[in-house]
Structures are given as structure tokens and as C-alpha cells.
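Structure file structure03.txt (compact mmCIF, C-alpha atoms) follows.
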```
# COMPACT_ATOMS: atom_id res chain seq x y z
CA MET A 26 -7.16 14.98 6.31
CA ILE A 27 -7.37 11.56 4.65
CA TYR A 28 -9.17 10.43 1.53
CA LEU A 29 -11.03 7.12 1.42
CA LEU A 30 -11.51 5.26 -1.82
CA ARG A 31 -14.76 3.30 -1.97
CA GLY A 32 -16.02 0.74 -4.44
CA THR A 33 -19.45 0.77 -6.01
CA ASP A 34 -20.87 -1.28 -3.11
CA GLY A 35 -19.39 1.10 -0.53
CA THR A 36 -16.47 -1.17 0.36
CA ILE A 37 -13.48 0.84 1.56
CA LEU A 38 -10.74 -0.02 -0.93
CA GLY A 39 -8.02 2.35 0.18
CA ALA A 40 -7.09 5.34 2.31
CA GLY A 41 -4.33 7.89 1.93
CA GLU A 42 -3.36 11.37 3.04
CA ARG A 43 -3.00 12.81 -0.46
CA ASP A 44 -6.02 14.00 -2.39
CA ASP A 45 -4.81 12.42 -5.63
CA TRP A 46 -7.13 9.45 -6.16
CA VAL A 47 -8.42 9.18 -9.70
CA PRO A 48 -11.56 7.04 -9.23
CA VAL A 49 -12.23 4.32 -11.80
CA ASP A 50 -15.10 1.91 -12.42
CA GLY A 51 -17.59 3.76 -10.21
CA GLN A 52 -15.19 4.27 -7.30
CA THR A 53 -15.85 7.30 -5.11
CA VAL A 54 -13.66 9.39 -2.81
CA GLU A 55 -14.60 10.57 0.67
CA ALA A 56 -12.65 13.02 2.84
CA LEU A 57 -12.22 12.45 6.57
CA ASP A 58 -10.66 14.85 9.06
CA THR A 59 -8.03 12.54 10.60
CA THR A 60 -4.59 11.12 9.91
CA LEU A 61 -3.85 7.79 8.24
CA ALA A 62 -2.25 6.44 11.45
CA ALA A 63 -5.31 7.43 13.50
CA TYR A 64 -7.64 5.99 10.90
CA ALA A 65 -5.77 2.67 11.00
CA ARG A 66 -6.57 2.43 14.71
CA ARG A 67 -10.31 2.61 14.06
CA PHE A 68 -10.25 -1.05 13.05
CA HIS A 69 -7.11 -2.99 13.72
CA LEU A 70 -6.36 -6.72 13.69
CA SER A 71 -3.31 -8.30 15.29
CA ALA A 72 -2.30 -11.74 16.53
CA ASP A 73 0.14 -13.19 19.01
CA ARG A 74 1.43 -15.39 16.17
CA THR A 75 0.73 -15.78 12.49
CA ARG A 76 1.78 -19.44 12.11
CA ILE A 77 0.36 -22.35 14.06
CA ALA A 78 0.65 -26.13 13.88
CA ALA A 79 -2.39 -27.84 12.38
CA ASP A 80 -2.74 -30.26 15.28
CA GLY A 81 -6.05 -29.16 16.77
CA ALA A 82 -4.30 -27.84 19.88
CA ASP A 83 -1.93 -25.09 18.81
CA ALA A 84 -3.71 -21.76 18.57
CA ALA A 85 -3.33 -18.13 17.55
CA LEU A 86 -5.03 -15.41 19.55
CA VAL A 87 -6.40 -12.75 17.23
CA THR A 88 -7.09 -9.36 18.77
CA VAL A 89 -9.48 -6.89 17.20
CA ARG A 90 -9.51 -3.28 18.31
CA VAL A 91 -12.21 -0.82 17.33
CA GLU A 92 -11.53 2.80 18.23
CA ALA A 93 -14.56 5.07 18.33
CA SER A 94 -16.00 7.72 20.61
CA LEU A 95 -18.58 5.11 21.60
CA PRO A 96 -17.07 1.69 20.84
CA PRO A 97 -19.62 -0.97 19.85
CA ALA A 98 -20.29 -3.94 22.14
CA GLU A 99 -19.62 -6.36 19.33
CA VAL A 100 -17.96 -6.52 15.95
CA VAL A 101 -18.48 -9.21 13.35
CA LEU A 102 -15.39 -10.59 11.65
CA LYS A 103 -15.24 -12.90 8.67
CA VAL A 104 -12.95 -15.90 9.01
CA ASN A 105 -12.49 -17.48 5.59
CA GLY A 106 -15.82 -15.94 4.64
CA THR A 107 -17.77 -17.18 7.67
CA PRO A 108 -19.18 -14.48 9.98
CA GLN A 109 -17.78 -14.66 13.50
CA PRO A 110 -19.13 -12.24 16.14
CA VAL A 111 -16.57 -10.99 18.68
CA VAL A 112 -17.60 -9.35 21.94
CA LEU A 113 -15.73 -6.12 22.65
CA ALA A 114 -14.77 -4.70 26.02
CA GLY A 115 -13.42 -1.18 25.89
CA GLY A 116 -13.13 -1.51 22.14
CA ALA A 117 -11.06 -4.73 22.20
CA GLY A 118 -11.94 -8.36 21.75
CA SER A 119 -10.25 -11.60 20.84
CA LEU A 120 -10.73 -14.75 18.85
CA LEU A 121 -8.88 -18.06 19.19
CA LEU A 122 -8.03 -19.87 15.96
CA GLN A 123 -7.06 -23.54 15.78
CA ALA A 124 -6.80 -25.94 12.87
CA GLU A 125 -6.67 -29.68 12.37
CA THR A 126 -5.64 -29.48 8.73
CA PRO A 127 -3.06 -27.24 7.06
CA GLY A 128 -4.37 -24.08 5.44
CA VAL A 129 -4.85 -20.40 6.06
CA PHE A 130 -7.30 -18.30 8.03
CA VAL A 131 -8.10 -14.97 6.40
CA VAL A 132 -9.61 -12.67 9.02
CA GLU A 133 -11.29 -9.43 7.93
CA PRO A 134 -14.25 -7.25 8.86
CA ALA A 135 -17.66 -8.61 7.88
CA ASP A 136 -18.78 -5.09 6.99
CA PRO A 137 -16.01 -3.68 4.74
CA ALA A 138 -18.06 -0.55 4.07
CA ARG A 139 -17.89 0.36 7.76
CA TYR A 140 -14.51 -1.06 8.71
CA CYS A 141 -11.50 -0.84 6.43
CA ARG A 142 -10.07 -4.20 5.40
CA ALA A 143 -7.22 -2.45 3.56
CA GLY A 144 -4.05 -1.62 5.47
CA GLU A 145 -4.14 -3.40 8.82
CA GLY A 146 -7.75 -4.56 8.53
CA THR A 147 -6.92 -8.01 7.15
CA LEU A 148 -4.96 -10.68 8.96
CA VAL A 149 -3.70 -14.04 7.76
CA ILE A 150 -2.92 -16.97 10.07
CA THR A 151 -1.21 -19.96 8.46
CA ALA A 152 -1.80 -23.44 9.85
CA GLU A 153 1.15 -25.65 8.98
CA GLU A 154 1.35 -29.41 8.96
CA ALA A 155 2.19 -30.64 12.44
CA VAL A 156 5.49 -32.52 12.72
CA MET W 14 19.34 22.36 -24.84
CA ALA W 15 21.86 19.52 -24.67
CA TRP W 16 24.99 18.79 -22.70
CA THR W 17 28.21 20.15 -24.27
CA ASP W 18 31.58 19.05 -22.96
CA PRO W 19 33.28 22.21 -21.69
CA PRO W 20 36.87 22.67 -22.83
CA ALA W 21 39.60 22.69 -20.16
CA ARG W 22 40.51 26.21 -19.01
CA GLN W 23 43.94 27.31 -17.90
CA THR W 24 44.95 29.52 -14.98
CA GLY W 25 44.88 33.07 -16.21
CA ASP W 26 42.24 32.48 -18.91
CA LEU W 27 39.64 35.20 -19.10
CA VAL W 28 36.30 33.56 -18.34
CA THR W 29 33.73 35.81 -19.91
CA ALA W 30 30.00 35.70 -19.28
CA GLU W 31 29.61 33.96 -22.61
CA ILE W 32 32.08 31.23 -21.63
CA TRP W 33 30.58 30.84 -18.11
CA ASN W 34 27.08 30.56 -19.52
CA ALA W 35 28.13 28.00 -22.12
CA ASP W 36 30.31 25.92 -19.80
CA VAL W 37 28.25 26.03 -16.61
CA VAL W 38 24.80 27.52 -16.91
CA ASP W 39 23.73 25.86 -20.14
CA ASN W 40 25.08 22.51 -19.03
CA LEU W 41 23.33 22.73 -15.66
CA LEU W 42 20.07 23.54 -17.42
CA ALA W 43 20.61 20.61 -19.76
CA LEU W 44 21.27 18.24 -16.84
CA ARG W 45 18.17 19.46 -15.03
CA ALA W 46 15.98 19.15 -18.11
CA GLU W 47 17.15 15.59 -18.79
CA ASN W 48 17.25 14.24 -15.25
CA PHE W 49 15.12 16.25 -12.85
CA ARG W 50 11.84 16.77 -14.62
CA GLY W 51 9.87 16.05 -11.50
CA VAL W 52 9.19 13.36 -8.96
CA TYR W 53 5.89 12.12 -7.54
CA ASP W 54 5.62 10.57 -4.09
CA SER W 55 2.19 9.28 -3.13
CA GLY W 56 3.00 8.80 0.54
CA TRP W 57 1.69 5.60 2.16
CA PHE W 58 -1.87 4.54 1.39
CA ALA W 59 -3.84 1.52 2.57
CA VAL W 60 -4.51 -1.15 -0.04
CA THR W 61 -6.37 -4.41 -0.37
CA LEU W 62 -6.43 -7.24 -2.87
CA ASN W 63 -7.92 -7.32 -6.37
CA THR W 64 -8.31 -3.56 -6.74
CA LEU W 65 -7.33 -1.02 -9.35
CA TYR W 66 -5.77 2.07 -7.79
CA GLN W 67 -5.20 5.20 -9.84
CA LYS W 68 -3.26 8.16 -8.47
CA ALA W 69 -2.73 11.49 -10.24
CA HIS W 70 1.03 12.10 -10.38
CA GLY W 71 1.03 15.68 -11.68
CA LEU W 72 4.29 15.21 -13.59
CA GLY W 73 2.96 16.69 -16.79
CA GLY W 74 3.93 13.69 -18.89
CA LEU W 75 4.57 9.98 -18.88
CA PRO W 76 6.91 8.88 -16.05
CA ARG W 77 10.13 7.13 -17.09
CA LEU W 78 10.37 5.11 -13.89
CA VAL W 79 7.87 3.99 -11.24
CA VAL W 80 8.81 2.20 -8.02
CA LEU W 81 6.23 0.52 -5.79
CA LEU W 82 6.91 0.00 -2.08
CA TRP W 83 4.95 -2.02 0.51
CA ALA W 84 4.83 -1.70 4.30
CA ALA W 85 2.84 -3.27 7.10
CA SER W 86 1.90 0.04 8.74
CA PRO W 87 1.33 3.66 7.66
CA THR W 88 4.33 4.79 9.72
CA PRO W 89 6.82 2.03 8.91
CA SER W 90 10.34 1.60 10.17
CA ASP W 91 11.13 -0.52 7.12
CA TRP W 92 9.58 -1.33 3.76
CA HIS W 93 9.78 -3.78 0.87
CA VAL W 94 10.00 -3.24 -2.87
CA VAL W 95 7.02 -4.91 -4.54
CA THR W 96 8.54 -7.17 -7.16
CA SER W 97 5.87 -9.86 -7.19
CA ILE W 98 2.24 -10.44 -6.27
CA LEU W 99 0.13 -13.58 -6.41
CA HIS W 100 -3.09 -14.44 -8.17
CA GLU W 101 -5.55 -17.18 -7.29
CA GLY W 102 -4.30 -20.37 -8.79
CA GLY W 103 -0.85 -19.63 -7.48
CA VAL W 104 0.44 -17.66 -10.44
CA ALA W 105 3.18 -15.27 -9.28
CA ARG W 106 3.47 -12.16 -11.40
CA GLY W 107 5.11 -8.80 -11.26
CA PRO W 108 2.75 -6.13 -9.99
CA ALA W 109 0.65 -4.40 -12.63
CA ILE W 110 2.01 -0.85 -12.80
CA TYR W 111 0.97 1.01 -15.90
CA PRO W 112 1.21 4.80 -15.82
CA THR W 113 -0.33 7.32 -18.15
CA ALA W 114 0.72 10.93 -18.76
CA SER W 115 -1.51 12.02 -15.86
CA ALA W 116 -1.80 9.08 -13.45
CA VAL W 117 -0.16 5.94 -12.11
CA ARG W 118 -2.36 2.84 -12.22
CA ILE W 119 -1.67 -0.17 -10.04
CA HIS W 120 -3.72 -3.36 -9.89
CA THR W 121 -3.30 -5.67 -6.91
CA GLY W 122 -3.52 -9.44 -7.23
CA ASP W 123 -6.60 -11.40 -6.21
CA HIS W 124 -4.84 -13.89 -3.91
CA ALA W 125 -6.11 -13.54 -0.33
CA THR W 126 -2.74 -13.97 1.34
CA HIS W 127 -0.28 -12.70 -1.30
CA GLY W 128 -2.31 -10.25 -3.38
CA THR W 129 -0.36 -7.11 -2.49
CA ILE W 130 3.13 -8.53 -2.03
CA CYS W 131 4.76 -11.92 -2.46
CA THR W 132 8.48 -12.12 -1.79
CA ALA W 133 10.71 -14.46 0.19
CA VAL W 134 10.31 -12.32 3.30
CA ALA W 135 7.00 -10.48 2.89
CA GLU W 136 3.53 -11.73 2.01
CA SER W 137 0.18 -10.03 2.40
CA GLY W 138 -3.21 -9.44 0.89
CA ALA W 139 -3.40 -5.92 2.34
CA GLY W 140 -0.95 -3.41 3.85
CA TYR W 141 0.24 -0.06 2.56
CA TYR W 142 1.66 1.00 -0.79
CA ARG W 143 3.81 3.99 -1.68
CA VAL W 144 4.39 4.99 -5.27
CA VAL W 145 7.41 7.02 -6.34
CA ALA W 146 7.54 8.08 -9.99
CA TRP W 147 10.11 10.05 -11.97
CA ARG W 148 9.61 11.79 -15.27
```

Rewrite the coordinates I just gave you, this time as C-alpha cells.
Amino acid sequence: MIYLLRGTDGTILGAGERDDWVPVDGQTVEALDTTLAAYARRFHLSADRTRIAADGADAALVTVRVEASLPPAEVVLKVNGTPQPVVLAGGAGSLLLQAETPGVFVVEPADPARYCRAGEGTLVITAEEAV
Amino acid sequence: MAWTDPPARQTGDLVTAEIWNADVVDNLLALRAENFRGVYDSGWFAVTLNTLYQKAHGLGGLPRLVVLLWAASPTPSDWHVVTSILHEGGVARGPAIYPTASAVRIHTGDHATHGTICTAVAESGAGYYRVVAWR
């Protein structure tokens, strides 16, 4: 059993296997019959690299995996706040990130009430000045 | 009950129940009362940035020590002690850990890439926390 902590807007703020959350500021707790490791696989972001050169050519391949009894055909990610649909095949899809100027890409689910951005649901790719 | 230095005994001394209780039992009880009043371990839980987390510790009083750990997965092979987090504007601060007699409260930073940990070798705006508290 795990216990999800949700914010007032339904955003999933946390998840743990102990039933010891003390909700504050309108937070609510929801029980789910699974383990934390299995729950983390329901929405998981990874990348082949987390640092790229900001030269417009170097790239990081972000992989999103959605585990469900009936995986959706598409999931919408947010990249620095901009929605970015990703087509899924067998619950997995990918997104190529490139940059021409140094900075960071913050990748997270567009619907944080459905997919957990806590834990492994947020990914950061850093674009460094090309040398 | 407080610790009392037991006097040295010699071979052949008669160690009565009164002496045994004073030298050993009472001192063990004193050590336990002062040092082992309970420990809370939250286990790993997923966290995100800019959030107040409150966990009931069940220690029956204010903890004397709280340690906050961070890991990249819920079943980690290694972990980091959270000594610093980052706020927007680039202000590095120690993590906000402020327990009460019934719960441990932790507030993550609002920086997207360093809000949950910011050390020389670990940086994240998410991940997993584990709280260990001693009373």
C-alpha cells in the first residue's frame, strides 16, 4: 500500500509507503494498493544524458514510460512550461532536446494530478556553453 | 533515574541483588532513558519542489535530532545527506526541517533544478526523501 499526498488542485505532491502524512494547507491523502517502486514506474522519465552542448546540434534523448493496464497512445509533457505531446508505443516514447543557448530544460508531466512529477517524474537537462 | 558510576568490585566480593541492581540494572535503565527514547524512520517517499511535507513521527515528544536523506530512486543503492537546497534567485540555504512534538515538517526549495538537494555531487528538483529522527 502507498499513500499519495495531493495539493488543493489535485497535484500529486508526494508518495510514500507509510501512512504517516499529516496534511497541511488543504492537502489530502489517497491510498493506493501498490508499492512505491511499482508506482514510480507508472510515469518515469529518463535520458541518455543530462548535459549537452548548447551548439544546436548536440542532443539529449528523453524517454518517457507510462505503465498502465491500457497504456495511452500519447502523453503530454511540459518542457520549461510549454506543452509537448509525445506519441507512445507500448507505453514508451521519446523526445529529442537541443539548445542553441546555455540553460536548462525542465521536463515534467503536463497533468501533475494524473502523473506524479515527484520522485522520478521530473527530469532536468542542462545545456552548457559550447567550447 | 540517572547514571551512577559503579564502584570497582574485587574478586570474592559478595554481589547482592541490591548491588547488581544499582550497578547494572539502574545504570542500563538510565542509559536507555537518556539515549534510546525512540527513533522514527519515514522510509523513502517521493518529493517535489516548493512543498511543505509533514510526517507524524510518533516519538511522543520533540525529537533531539533529525537527519534528511535524498536518493534518486525509491530503492537506492546510495544516498546523499541533504545539507543544502536552492531557492529561485540562486539563494542556497539549508533545508527547512522544523519538527514539533508530533510531526516532522520539511519544506523543499522552489528552484526547479535544485529545490530538493543542492550539493557538489547531487542536484535535483524532485527525487526521494527519507527522514530519520531521534528523541

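The coordinates place CA of Leu29 in chain A at 11.6 Å from CA of Val47 in chain A.
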
Using all atoms listed in the file, find each residue in chain W having at least one atom no more than 8 Å away from chain A; report its shortest atom-to-atom pair and that distance in Å (one decimal), rows by chain then rising number, as a Markdown table.
```
| residue | atom | partner | partner_atom | distance |
| --- | --- | --- | --- | --- |
| W:Ser55 | CA | A:Arg43 | CA | 6.8 |
| W:Gly56 | CA | A:Arg43 | CA | 7.3 |
| W:Trp57 | CA | A:Gly41 | CA | 6.4 |
| W:Phe58 | CA | A:Gly41 | CA | 4.2 |
| W:Ala59 | CA | A:Gly144 | CA | 4.3 |
| W:Val60 | CA | A:Ala143 | CA | 4.7 |
| W:Thr61 | CA | A:Ala143 | CA | 4.5 |
| W:Thr64 | CA | A:Leu38 | CA | 7.2 |
| W:Leu65 | CA | A:Val49 | CA | 7.7 |
| W:Tyr66 | CA | A:Trp46 | CA | 7.7 |
| W:Gln67 | CA | A:Val47 | CA | 5.1 |
| W:Lys68 | CA | A:Trp46 | CA | 4.7 |
| W:Ala69 | CA | A:Asp45 | CA | 5.1 |
| W:His70 | CA | A:Asp45 | CA | 7.5 |
| W:Ala85 | CA | A:Glu145 | CA | 7.2 |
| W:Ser86 | CA | A:Glu145 | CA | 7.0 |
| W:Pro87 | CA | A:Ala62 | CA | 5.9 |
| W:Thr88 | CA | A:Ala62 | CA | 7.0 |
| W:Ala116 | CA | A:Val47 | CA | 7.6 |
| W:Ala125 | CA | A:Val131 | CA | 7.2 |
| W:Thr126 | CA | A:Val149 | CA | 6.5 |
| W:Ser137 | CA | A:Val149 | CA | 7.7 |
| W:Gly138 | CA | A:Thr147 | CA | 7.4 |
| W:Ala139 | CA | A:Ala143 | CA | 5.3 |
| W:Gly140 | CA | A:Gly144 | CA | 3.9 |
| W:Tyr141 | CA | A:Gly144 | CA | 5.4 |
```

Practice problem: Figure out the distance between CA of Ala117 in chain A and CA of Arg139 in chain A, please, to one decimal in Å. | Solution: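 Computing the Euclidean distance for CA of Arg139 in chain A and CA of Ala117 in chain A yields 16.8 Å.
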
Give me the box for range 25-38 of chain W as lines of an AutoDock Vina configuration file, namely the centre and edge lengths in Å to one decimal of a box along x, y and z that holds every listed atom plus 3 Å on each side.
```
center_x = 34.8
center_y = 30.9
center_z = -19.4
size_x = 26.1
size_y = 15.9
size_z = 12.4
```

Quiz item: So which residues touch Gly115 in chain A within 9 Å, counting all atoms listed in the file, skipping near sequence neighbours fewer than 5 positions away, as a ChimeraX atom specification?
Solution: /A:90-92,96-98

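Taking only C-alpha atoms into account, those protein, DNA and RNA residues with any atom at most 9 Å away from (8.2, 12.1, -12.8) amount to Phe49, Arg50, Gly51, Val52, Tyr53, His70, Gly71, Leu72, Gly73, Gly74, Leu75, Pro76, Arg77, Leu78, Val79, Val145, Ala146, Trp147 and Arg148 of chain W.
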
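Among the candidate residues A:Val100, A:Ala138, A:Leu57, A:Ala82, the one lying nearest to Arg31 in chain A is A:Ala138, with distances computed using all atoms listed in the file.
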
Quiz item: Which residues, written as a list in words, have at least one atom at most 9 Å from range 99-112 of chain W, with all atoms listed in the file counted and residues fewer than 4 positions away on the same chain left out?
Solution: Asn63, Gln67, Leu75, Pro76, Val79, Val80, Leu81, Val95, Ala116, Val117, Arg118, Ile119, His120, Thr121, Gly122, Asp123, His124, Ala125, Thr126, His127, Gly128, Thr129, Ile130 and Cys131 of chain W

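Pairwise distance (CA of Leu44 in chain W, CA of Arg22 in chain W) equals 20.9 Å.
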
Residues near Asp83 in chain A, anyone? I mean within 10 Å using only C-alpha atoms, not counting same-chain ones fewer than 4 positions away, as a compact mmCIF listing (two decimals) with C-alpha atoms, in the frame of the given file.
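Writing done, so here's out_9.txt:
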```
# COMPACT_ATOMS: atom_id res chain seq x y z
CA ARG A 76 1.78 -19.44 12.11
CA ILE A 77 0.36 -22.35 14.06
CA ALA A 78 0.65 -26.13 13.88
CA ALA A 79 -2.39 -27.84 12.38
CA LEU A 121 -8.88 -18.06 19.19
CA LEU A 122 -8.03 -19.87 15.96
CA GLN A 123 -7.06 -23.54 15.78
CA ALA A 124 -6.80 -25.94 12.87
CA GLU A 125 -6.67 -29.68 12.37
CA ALA A 152 -1.80 -23.44 9.85
CA ALA A 155 2.19 -30.64 12.44
```

Practice problem: Find, counting all atoms listed in the file, the residue in W:Gly25, W:Val144, W:Pro20, W:Ala15 that gets nearest to Leu82 in chain W. | Solution: W:Val144

Exercise. Please write as an NGL selection string the list of polymer residues whose atoms come within 12 Å of (-17.8, -4.8, 16.1), counting all atoms listed in the file and keeping to the coordinates of the file.
Key: :A and (67-70 or 88-93 or 95-103 or 108-119 or 133-137 or 139-140)
